Amino acid sequence: MKLSNLAVGLGALVIGSTLVACGGGSTANRGGGIGGTGVALSNNYSGVISGFGSIYVNGVRFNTDNSQFFVNGKLVNESALAMGMLVRVEGDAEGESGTANKVYFDAGIKGPVSGNIQIVGRNQIMIPVMGVTAVVDSQATEFAEVTFEQLQQNADLLKPGSMIELSGFYNAQGQFQVSYFELEAAPFVANVSEVQMIGNVTNLSDTQFSLVVSDGVAPFTISLATANSDGELAEGERVKVEGTLNTIDSQDILALEIDSLTPSEQQEVELQGLISALDSQTSFTLNGITVDASAVQLESELSVDLLVEVEGVMVNKVLVAESIEVLRRKDEQEVSLSTRVESVDLDAQTLSLSAFGQPISVVVNKRTKWDDDRDDVRRFNLEDIAVGDYLELDLFESDSQWVAEEVEREESEADVMLEVELASAHLDAANQQVNVAGFTLSLTAETDIEGGMSVADFFTKAAQLDEVVLIDTNGDQQIDKILLDD
């Protein structure tokens, strides 16, 4: 069987003959631009869109002013790209700067909602799509033309048959964790609407094959009767399949086009994603590719759902790792903070903030995502932030400092809000205080706790909740209101 042998991006996969070294630990640089990972093969790079105006790949800043942009194979303007998309870049770089000639985006999943959605707490929606459970998160997912709140409040937007387009990674449970979500205007039409999936070829015959997208997901059956083909299709090949379905819940795809995503033998590869299966500390699966880590000296123990970046060489369709970097450790505390800016230091790349009457310093870097909901500045970054701006920041603690994973400027509000998962160690019931994220926060009998919960019950139950939102509504440095997520 032949297939279209296109150099399509595989999530955050990068293939190359020249390997570019990673920077730093779990606080590796992020920044305004298309942030992510990359190495060069005929000047090809890959990464996640975290802002616009520049592309950051392993600390290299690519200018995109004169680039061509392609979305699902179509030539588009830069405005068609969006935050959260996983992209592939062609360009040239020297040192820490470069120029992007072409930027490509291809959806990881495109298809119809196949059943009823499940709303999980305030922050997540589980969406069945073509046999896969997609996890949309209010903080981790970027949305196009719709908000998380609209999806949560209007069930008709995600009713069965609604067409959605997703980018992201599979986790160890076979769920697709969505980094980019797009709701298409037209609903599903049997045998007409185009769907798209990425996976590995198994059980190959002259007429069909099985497509394995992840452990925990039933394989798709791919019919080759009408497939556009121009290249060799082999057992174990990683491919993108475009085609049609005859029902919304079918996993039988009539292929129209099949594109190869498998790196060539002996090519250098850099791959970023979640460890979806862990056979041992020397063998695991990342974005559908088997990684041999036997030659790597690990700094810490690997586990499933750990966000890592692997550099190595492809040998017999296995990525033989030369280095493994953990980008996010599970023990790193994560919080979401909404408050006003006290000062901006462009040289130090820091923001000084005040919350609950206490100071907090936040570091931004080349992996920080930037979004401007207030003025809709597309090329938004640290230089656009002014004293007094109201920001929502997703932060994680690393090496005793707070690092901004995302900075979002919003309309001005009076409330200071801290969203966090509490553990028993954070709770001081005797003094009616919460000690978390460097803050010491006091509750009083007047604190309004969601559901009418008493302060005593809060201290008893808080550690069992998924997250809580602590709100100071009047600047008195006390917790005036608490929202619960169980």
# chains A, B, ... in the order shown; residues from 1 in each chain; ligands from 1
$ residues_around --residues "A:Gly451" --least-positions-apart "4" --cutoff "12 Å" --atoms "only C-alpha atoms" --output "list of chain:residue names"
A:Val455, A:Asp457, A:Phe458, A:Lys481, A:Ile482, A:Leu483, A:Leu484, A:Asp485, A:Asp486
$ residues_around --residues "A:Leu204" --least-positions-apart "4" --cutoff "10 Å" --atoms "only C-alpha atoms" --output "list in words"
Met1, Gln208, Phe209, Ser210, Leu211, Ile222, Leu233, Ala234, Glu235 and Gly236 of chain A
$ write_last_selection --atoms "N, CA and C atoms" --output "mmCIF file, in the first residue's frame"
data_model
loop_
_atom_site.group_PDB
_atom_site.id
_atom_site.type_symbol
_atom_site.label_atom_id
_atom_site.label_comp_id
_atom_site.auth_asym_id
_atom_site.auth_seq_id
_atom_site.Cartn_x
_atom_site.Cartn_y
_atom_site.Cartn_z
ATOM 1 N N MET A 1 0.851 -1.197 0.000
ATOM 2 C CA MET A 1 0.000 0.000 0.000
ATOM 3 C C MET A 1 0.882 1.240 0.000
ATOM 4 N N GLN A 208 -7.268 -2.742 4.018
ATOM 5 C CA GLN A 208 -7.525 -2.007 5.256
ATOM 6 C C GLN A 208 -6.392 -2.209 6.250
ATOM 7 N N PHE A 209 -6.455 -1.458 7.340
ATOM 8 C CA PHE A 209 -5.558 -1.689 8.470
ATOM 9 C C PHE A 209 -6.233 -1.173 9.731
ATOM 10 N N SER A 210 -5.662 -1.537 10.883
ATOM 11 C CA SER A 210 -6.126 -1.010 12.166
ATOM 12 C C SER A 210 -5.240 0.168 12.552
ATOM 13 N N LEU A 211 -5.861 1.218 13.096
ATOM 14 C CA LEU A 211 -5.133 2.406 13.539
ATOM 15 C C LEU A 211 -5.203 2.463 15.058
ATOM 16 N N ILE A 222 -9.453 1.223 9.227
ATOM 17 C CA ILE A 222 -9.251 2.159 8.133
ATOM 18 C C ILE A 222 -9.397 1.425 6.808
ATOM 19 N N LEU A 233 3.263 2.267 2.755
ATOM 20 C CA LEU A 233 2.635 2.133 4.063
ATOM 21 C C LEU A 233 3.089 0.819 4.662
ATOM 22 N N ALA A 234 3.612 0.865 5.892
ATOM 23 C CA ALA A 234 4.184 -0.323 6.499
ATOM 24 C C ALA A 234 3.610 -0.557 7.887
ATOM 25 N N GLU A 235 3.696 -1.812 8.323
ATOM 26 C CA GLU A 235 3.277 -2.173 9.677
ATOM 27 C C GLU A 235 4.071 -1.338 10.682
ATOM 28 N N GLY A 236 3.369 -0.746 11.646
ATOM 29 C CA GLY A 236 4.004 0.075 12.663
ATOM 30 C C GLY A 236 4.187 1.521 12.273
#
$ residues_around --residues "A:Glu421" --least-positions-apart "2" --cutoff "7 Å" --atoms "only C-alpha atoms" --output "ChimeraX atom specification"
/A:423,466-468
$ select_by_dssp --residues "stretch 298-357 of chain A" --states "strand (DSSP E)" --output "PyMOL selection string"
chain A and resi 307-315+318-328+334-345+350-355
$ residues_around --residues "A:Gly168" --least-positions-apart "4" --cutoff "6 Å" --atoms "only C-alpha atoms" --output "PyMOL selection string"
chain A and resi 177-179
$ residues_around --residues "A:Ser412" --least-positions-apart "6" --cutoff "12 Å" --atoms "only C-alpha atoms" --output "ChimeraX atom specification"
/A:338-341,373-375,388-392
$ closest_atom_pairs --of "stretch 132-229 of chain A" --to "stretch 351-370 of chain A" --cutoff "12 Å" --atoms "only C-alpha atoms" --output "tab-separated table"
residue	atom	partner	partner_atom	distance
A:Gln139	CA	A:Lys369	CA	11.5
A:Ala140	CA	A:Lys369	CA	10.6
A:Thr141	CA	A:Lys369	CA	11.5
A:Glu142	CA	A:Lys369	CA	10.3
A:Ser179	CA	A:Lys369	CA	11.8
$ write_last_selection --atoms "all heavy atoms" --output "short mmCIF file (atom, residue, chain, number, x, y, z; two decimals), in the first residue's frame"
data_model
loop_
_atom_site.label_atom_id
_atom_site.label_comp_id
_atom_site.auth_asym_id
_atom_site.auth_seq_id
_atom_site.Cartn_x
_atom_site.Cartn_y
_atom_site.Cartn_z
N GLN A 139 -8.37 25.82 32.23
CA GLN A 139 -7.07 26.47 32.34
C GLN A 139 -6.07 25.96 31.32
O GLN A 139 -5.29 26.73 30.77
CB GLN A 139 -6.52 26.30 33.75
CG GLN A 139 -7.35 26.98 34.82
CD GLN A 139 -6.82 26.75 36.22
OE1 GLN A 139 -6.04 25.83 36.45
NE2 GLN A 139 -7.23 27.58 37.16
N ALA A 140 -6.07 24.66 31.04
CA ALA A 140 -5.04 24.07 30.18
C ALA A 140 -5.38 24.11 28.70
O ALA A 140 -4.50 23.88 27.87
CB ALA A 140 -4.79 22.62 30.60
N THR A 141 -6.64 24.40 28.36
CA THR A 141 -7.08 24.38 26.97
C THR A 141 -7.29 25.80 26.47
O THR A 141 -7.84 26.64 27.17
CB THR A 141 -8.39 23.60 26.82
OG1 THR A 141 -8.23 22.29 27.38
CG2 THR A 141 -8.81 23.48 25.36
N GLU A 142 -6.84 26.05 25.23
CA GLU A 142 -7.13 27.31 24.55
C GLU A 142 -8.32 27.10 23.63
O GLU A 142 -8.42 26.07 22.96
CB GLU A 142 -5.91 27.78 23.74
CG GLU A 142 -4.64 27.94 24.56
CD GLU A 142 -4.73 29.08 25.55
OE1 GLU A 142 -5.59 29.97 25.37
OE2 GLU A 142 -3.94 29.09 26.52
N SER A 179 -5.11 20.72 24.24
CA SER A 179 -4.43 22.01 24.38
C SER A 179 -5.11 23.08 23.53
O SER A 179 -5.00 24.27 23.84
CB SER A 179 -2.96 21.89 23.98
OG SER A 179 -2.84 21.49 22.62
#
$ residues_around --residues "stretch 146-163 of chain A" --least-positions-apart "2" --cutoff "12 Å" --atoms "only C-alpha atoms" --output "PyMOL selection string"
chain A and resi 109-130+135-144+165-166+180-190+193-196+245-250+373
$ closest_residue --among "A:Gln433, A:Thr285, A:Leu470, A:Val326" --to "A:Glu450" --atoms "only C-alpha atoms"
A:Leu470
$ closest_residue --among "A:Glu268, A:Gln349, A:Glu342, A:Val239" --to "A:Met314" --atoms "only C-alpha atoms"
A:Glu268
$ residues_around --residues "A:Leu422" --least-positions-apart "3" --cutoff "12 Å" --atoms "only C-alpha atoms" --output "ChimeraX atom specification"
/A:333-335,418-419,425-428,434-437,458-470,484-486
$ select_by_dssp --residues "stretch 139-290 of chain A" --states "alpha helix (DSSP H)" --output "ChimeraX atom specification"
/A:148-153
$ decode --residues "stretch 310-349 of chain A" --atoms "N, CA and C atoms" --output "PDB file, in the first residue's frame"
ATOM      1  N   VAL A 310      12.287  14.403  25.024  1.00  0.00           N
ATOM      2  CA  VAL A 310      13.286  13.380  24.733  1.00  0.00           C
ATOM      3  C   VAL A 310      14.038  13.745  23.457  1.00  0.00           C
ATOM      4  N   GLU A 311      15.370  13.635  23.498  1.00  0.00           N
ATOM      5  CA  GLU A 311      16.208  13.780  22.313  1.00  0.00           C
ATOM      6  C   GLU A 311      16.876  12.447  22.032  1.00  0.00           C
ATOM      7  N   GLY A 312      16.946  12.079  20.741  1.00  0.00           N
ATOM      8  CA  GLY A 312      17.590  10.825  20.403  1.00  0.00           C
ATOM      9  C   GLY A 312      17.592  10.554  18.919  1.00  0.00           C
ATOM     10  N   VAL A 313      17.781   9.275  18.572  1.00  0.00           N
ATOM     11  CA  VAL A 313      17.891   8.844  17.179  1.00  0.00           C
ATOM     12  C   VAL A 313      16.903   7.711  16.941  1.00  0.00           C
ATOM     13  N   MET A 314      16.231   7.733  15.771  1.00  0.00           N
ATOM     14  CA  MET A 314      15.300   6.669  15.413  1.00  0.00           C
ATOM     15  C   MET A 314      16.058   5.451  14.897  1.00  0.00           C
ATOM     16  N   VAL A 315      15.822   4.288  15.527  1.00  0.00           N
ATOM     17  CA  VAL A 315      16.416   3.022  15.118  1.00  0.00           C
ATOM     18  C   VAL A 315      15.312   1.978  15.091  1.00  0.00           C
ATOM     19  N   ASN A 316      14.984   1.474  13.905  1.00  0.00           N
ATOM     20  CA  ASN A 316      13.912   0.480  13.744  1.00  0.00           C
ATOM     21  C   ASN A 316      12.608   0.953  14.377  1.00  0.00           C
ATOM     22  N   LYS A 317      12.267   2.227  14.126  1.00  0.00           N
ATOM     23  CA  LYS A 317      11.023   2.841  14.593  1.00  0.00           C
ATOM     24  C   LYS A 317      10.959   3.013  16.110  1.00  0.00           C
ATOM     25  N   VAL A 318      12.096   2.889  16.777  1.00  0.00           N
ATOM     26  CA  VAL A 318      12.215   3.151  18.205  1.00  0.00           C
ATOM     27  C   VAL A 318      13.096   4.383  18.394  1.00  0.00           C
ATOM     28  N   LEU A 319      12.676   5.289  19.274  1.00  0.00           N
ATOM     29  CA  LEU A 319      13.481   6.462  19.581  1.00  0.00           C
ATOM     30  C   LEU A 319      14.489   6.096  20.670  1.00  0.00           C
ATOM     31  N   VAL A 320      15.757   5.974  20.272  1.00  0.00           N
ATOM     32  CA  VAL A 320      16.820   5.657  21.227  1.00  0.00           C
ATOM     33  C   VAL A 320      17.271   6.976  21.841  1.00  0.00           C
ATOM     34  N   ALA A 321      16.950   7.165  23.107  1.00  0.00           N
ATOM     35  CA  ALA A 321      17.127   8.457  23.751  1.00  0.00           C
ATOM     36  C   ALA A 321      18.586   8.727  24.080  1.00  0.00           C
ATOM     37  N   GLU A 322      18.988   9.988  23.840  1.00  0.00           N
ATOM     38  CA  GLU A 322      20.297  10.475  24.260  1.00  0.00           C
ATOM     39  C   GLU A 322      20.169  11.371  25.484  1.00  0.00           C
ATOM     40  N   SER A 323      19.014  11.998  25.657  1.00  0.00           N
ATOM     41  CA  SER A 323      18.755  12.804  26.852  1.00  0.00           C
ATOM     42  C   SER A 323      17.252  12.853  27.092  1.00  0.00           C
ATOM     43  N   ILE A 324      16.876  12.975  28.356  1.00  0.00           N
ATOM     44  CA  ILE A 324      15.473  13.091  28.757  1.00  0.00           C
ATOM     45  C   ILE A 324      15.378  14.222  29.771  1.00  0.00           C
ATOM     46  N   GLU A 325      14.531  15.183  29.489  1.00  0.00           N
ATOM     47  CA  GLU A 325      14.330  16.314  30.387  1.00  0.00           C
ATOM     48  C   GLU A 325      12.894  16.305  30.891  1.00  0.00           C
ATOM     49  N   VAL A 326      12.717  16.355  32.189  1.00  0.00           N
ATOM     50  CA  VAL A 326      11.388  16.460  32.781  1.00  0.00           C
ATOM     51  C   VAL A 326      10.995  17.931  32.794  1.00  0.00           C
ATOM     52  N   LEU A 327       9.910  18.253  32.071  1.00  0.00           N
ATOM     53  CA  LEU A 327       9.467  19.640  31.967  1.00  0.00           C
ATOM     54  C   LEU A 327       8.517  20.034  33.082  1.00  0.00           C
ATOM     55  N   ARG A 328       7.821  19.071  33.632  1.00  0.00           N
ATOM     56  CA  ARG A 328       6.909  19.374  34.723  1.00  0.00           C
ATOM     57  C   ARG A 328       6.882  18.197  35.674  1.00  0.00           C
ATOM     58  N   ARG A 329       7.312  18.435  36.903  1.00  0.00           N
ATOM     59  CA  ARG A 329       7.316  17.388  37.912  1.00  0.00           C
ATOM     60  C   ARG A 329       5.992  17.383  38.672  1.00  0.00           C
ATOM     61  N   LYS A 330       5.559  16.198  39.052  1.00  0.00           N
ATOM     62  CA  LYS A 330       4.255  16.073  39.690  1.00  0.00           C
ATOM     63  C   LYS A 330       4.199  16.735  41.061  1.00  0.00           C
ATOM     64  N   ASP A 331       5.370  16.894  41.701  1.00  0.00           N
ATOM     65  CA  ASP A 331       5.371  17.488  43.040  1.00  0.00           C
ATOM     66  C   ASP A 331       5.460  19.008  42.998  1.00  0.00           C
ATOM     67  N   GLU A 332       5.490  19.604  41.822  1.00  0.00           N
ATOM     68  CA  GLU A 332       5.507  21.057  41.715  1.00  0.00           C
ATOM     69  C   GLU A 332       4.105  21.596  41.952  1.00  0.00           C
ATOM     70  N   GLN A 333       3.987  22.488  42.918  1.00  0.00           N
ATOM     71  CA  GLN A 333       2.680  23.057  43.215  1.00  0.00           C
ATOM     72  C   GLN A 333       2.227  23.991  42.092  1.00  0.00           C
ATOM     73  N   GLU A 334       0.948  23.899  41.735  1.00  0.00           N
ATOM     74  CA  GLU A 334       0.380  24.747  40.703  1.00  0.00           C
ATOM     75  C   GLU A 334      -0.775  25.543  41.295  1.00  0.00           C
ATOM     76  N   VAL A 335      -0.842  26.832  40.939  1.00  0.00           N
ATOM     77  CA  VAL A 335      -1.929  27.685  41.406  1.00  0.00           C
ATOM     78  C   VAL A 335      -2.348  28.590  40.257  1.00  0.00           C
ATOM     79  N   SER A 336      -3.560  29.127  40.380  1.00  0.00           N
ATOM     80  CA  SER A 336      -4.031  30.167  39.471  1.00  0.00           C
ATOM     81  C   SER A 336      -4.319  31.402  40.319  1.00  0.00           C
ATOM     82  N   LEU A 337      -3.691  32.517  39.953  1.00  0.00           N
ATOM     83  CA  LEU A 337      -3.798  33.740  40.734  1.00  0.00           C
ATOM     84  C   LEU A 337      -4.311  34.873  39.862  1.00  0.00           C
ATOM     85  N   SER A 338      -5.327  35.584  40.338  1.00  0.00           N
ATOM     86  CA  SER A 338      -5.855  36.758  39.642  1.00  0.00           C
ATOM     87  C   SER A 338      -5.674  37.977  40.539  1.00  0.00           C
ATOM     88  N   THR A 339      -4.933  38.969  40.045  1.00  0.00           N
ATOM     89  CA  THR A 339      -4.658  40.160  40.843  1.00  0.00           C
ATOM     90  C   THR A 339      -4.076  41.250  39.948  1.00  0.00           C
ATOM     91  N   ARG A 340      -3.694  42.372  40.552  1.00  0.00           N
ATOM     92  CA  ARG A 340      -3.169  43.506  39.803  1.00  0.00           C
ATOM     93  C   ARG A 340      -1.639  43.543  39.840  1.00  0.00           C
ATOM     94  N   VAL A 341      -1.083  44.182  38.799  1.00  0.00           N
ATOM     95  CA  VAL A 341       0.363  44.313  38.671  1.00  0.00           C
ATOM     96  C   VAL A 341       0.859  45.491  39.502  1.00  0.00           C
ATOM     97  N   GLU A 342       1.908  45.250  40.299  1.00  0.00           N
ATOM     98  CA  GLU A 342       2.546  46.306  41.075  1.00  0.00           C
ATOM     99  C   GLU A 342       3.719  46.926  40.307  1.00  0.00           C
ATOM    100  N   SER A 343       4.510  46.076  39.617  1.00  0.00           N
ATOM    101  CA  SER A 343       5.626  46.583  38.827  1.00  0.00           C
ATOM    102  C   SER A 343       6.057  45.521  37.824  1.00  0.00           C
ATOM    103  N   VAL A 344       6.789  45.982  36.773  1.00  0.00           N
ATOM    104  CA  VAL A 344       7.280  45.104  35.707  1.00  0.00           C
ATOM    105  C   VAL A 344       8.777  45.353  35.551  1.00  0.00           C
ATOM    106  N   ASP A 345       9.562  44.272  35.519  1.00  0.00           N
ATOM    107  CA  ASP A 345      11.008  44.385  35.313  1.00  0.00           C
ATOM    108  C   ASP A 345      11.351  43.638  34.028  1.00  0.00           C
ATOM    109  N   LEU A 346      11.541  44.390  32.939  1.00  0.00           N
ATOM    110  CA  LEU A 346      11.818  43.766  31.644  1.00  0.00           C
ATOM    111  C   LEU A 346      13.177  43.093  31.626  1.00  0.00           C
ATOM    112  N   ASP A 347      14.157  43.671  32.299  1.00  0.00           N
ATOM    113  CA  ASP A 347      15.497  43.081  32.308  1.00  0.00           C
ATOM    114  C   ASP A 347      15.508  41.748  33.049  1.00  0.00           C
ATOM    115  N   ALA A 348      14.852  41.696  34.198  1.00  0.00           N
ATOM    116  CA  ALA A 348      14.822  40.469  35.000  1.00  0.00           C
ATOM    117  C   ALA A 348      13.735  39.514  34.547  1.00  0.00           C
ATOM    118  N   GLN A 349      12.840  39.984  33.653  1.00  0.00           N
ATOM    119  CA  GLN A 349      11.707  39.180  33.176  1.00  0.00           C
ATOM    120  C   GLN A 349      10.845  38.712  34.346  1.00  0.00           C
TER     121      GLN A 349
END
